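Take a look at the structure below.
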Amino acid sequence: MAQQKAYPHPASAARSANMKSNRRVDTKPELALRRALHALGYRYRKDYRLDLADGVRVRPDIVFTARKVAVFVDGCFWHCCPEHGSQPASNTWYWEPKLRRNVERDRAADAALGGAGWTVVRFWEHESIDAAVAGVVQVLAGRRAPARRAAADQAAKPI
Ligand SMILES: [Zn+2]
């Protein structure tokens, strides 16, 4: 698992700063959610592109292929969270349409996934990992896959 590689003792301040930034990347909420699910024994795909009807392509953060469950962890800013998604006050000509397009793309992805028989689960990045894990586990429990395909979820690449 790439995220678990051991780091050597830092040889310089620059190296140390680089390692710190790596660690910051590793604390992204979708990674934390993946790790928690993996620790519970769930297997899933990441960076798994789904080609859907009408040319809609989506790359959910976590994909359970056998159960057809797609999980997204949406950034509060980029996906316009109602609590933290305030629009920038400057350069509104740039940000307003850009952020609106993100939300439109999210809804189009939801519709295309739903139309193809997928269950979509979305969390905001501000939500607790525990709540997100519980939500995913609950959805998976309600999506019983055929035995042979459920085995595929077990065989999928970890984190
Ligand atoms: Zn938020």
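Ordering of the structure tokens sets the chain letters (A, B, ...); residue numbers start at 1 within each chain; ligands are numbered from 1 in the order shown.
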
Could you pull out the residues in region 73-143 of chain A that DSSP calls strand (DSSP E or B) from the backbone, as a tab-separated table (two decimals) with C-alpha atoms, in the first residue's frame?
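The result, stored in result_39.tsv:
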```
chain	number	residue	atom	x	y	z
A	73	VAL	CA	-16.43	13.36	-0.50
A	74	ASP	CA	-17.19	16.87	-1.71
A	119	THR	CA	-26.46	4.30	-5.52
A	120	VAL	CA	-24.75	7.64	-4.91
A	121	VAL	CA	-23.49	8.57	-1.43
A	122	ARG	CA	-22.13	12.07	-0.93
A	123	PHE	CA	-20.47	13.57	2.12
A	124	TRP	CA	-19.16	17.05	2.78
```

*If you count only C-alpha atoms and all ligand atoms, which residues end up within 10 Å of ligand 1, as a list in words?*
Asp74, Gly75, Cys76, Phe77, His79, Cys80, Cys81, Pro82, Glu83, His84, Gly85, Ser86, Phe123, Trp124, Glu125, His126 and Glu127 of chain A

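The protein and nucleic acid residues lying at most 8 Å from Phe64 (chain A) are Arg43, Tyr44, Arg45, Ile62, Ala66, Arg67, Lys68, Val69, Ala70 and Asp153 of chain A, with only C-alpha atoms considered and sequence neighbours fewer than 2 positions away removed.
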
*If we count only C-alpha atoms, what is near Pro60 (chain A) at a cut-off of 9 Å, once residues fewer than 4 positions away on the same chain are taken out, given as a PyMOL selection string?*
chain A and resi 46-50+70-73

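Shortest atom-to-atom contact with Gly41 (chain A) among A:Pro29, A:Leu99, A:Val137, A:Trp118: A:Val137, counting only C-alpha atoms.
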
*What lies within 10 Å of Leu33 (chain A) using only C-alpha atoms, ignoring chain neighbours under 2 positions off, as a count of residues only?*
22
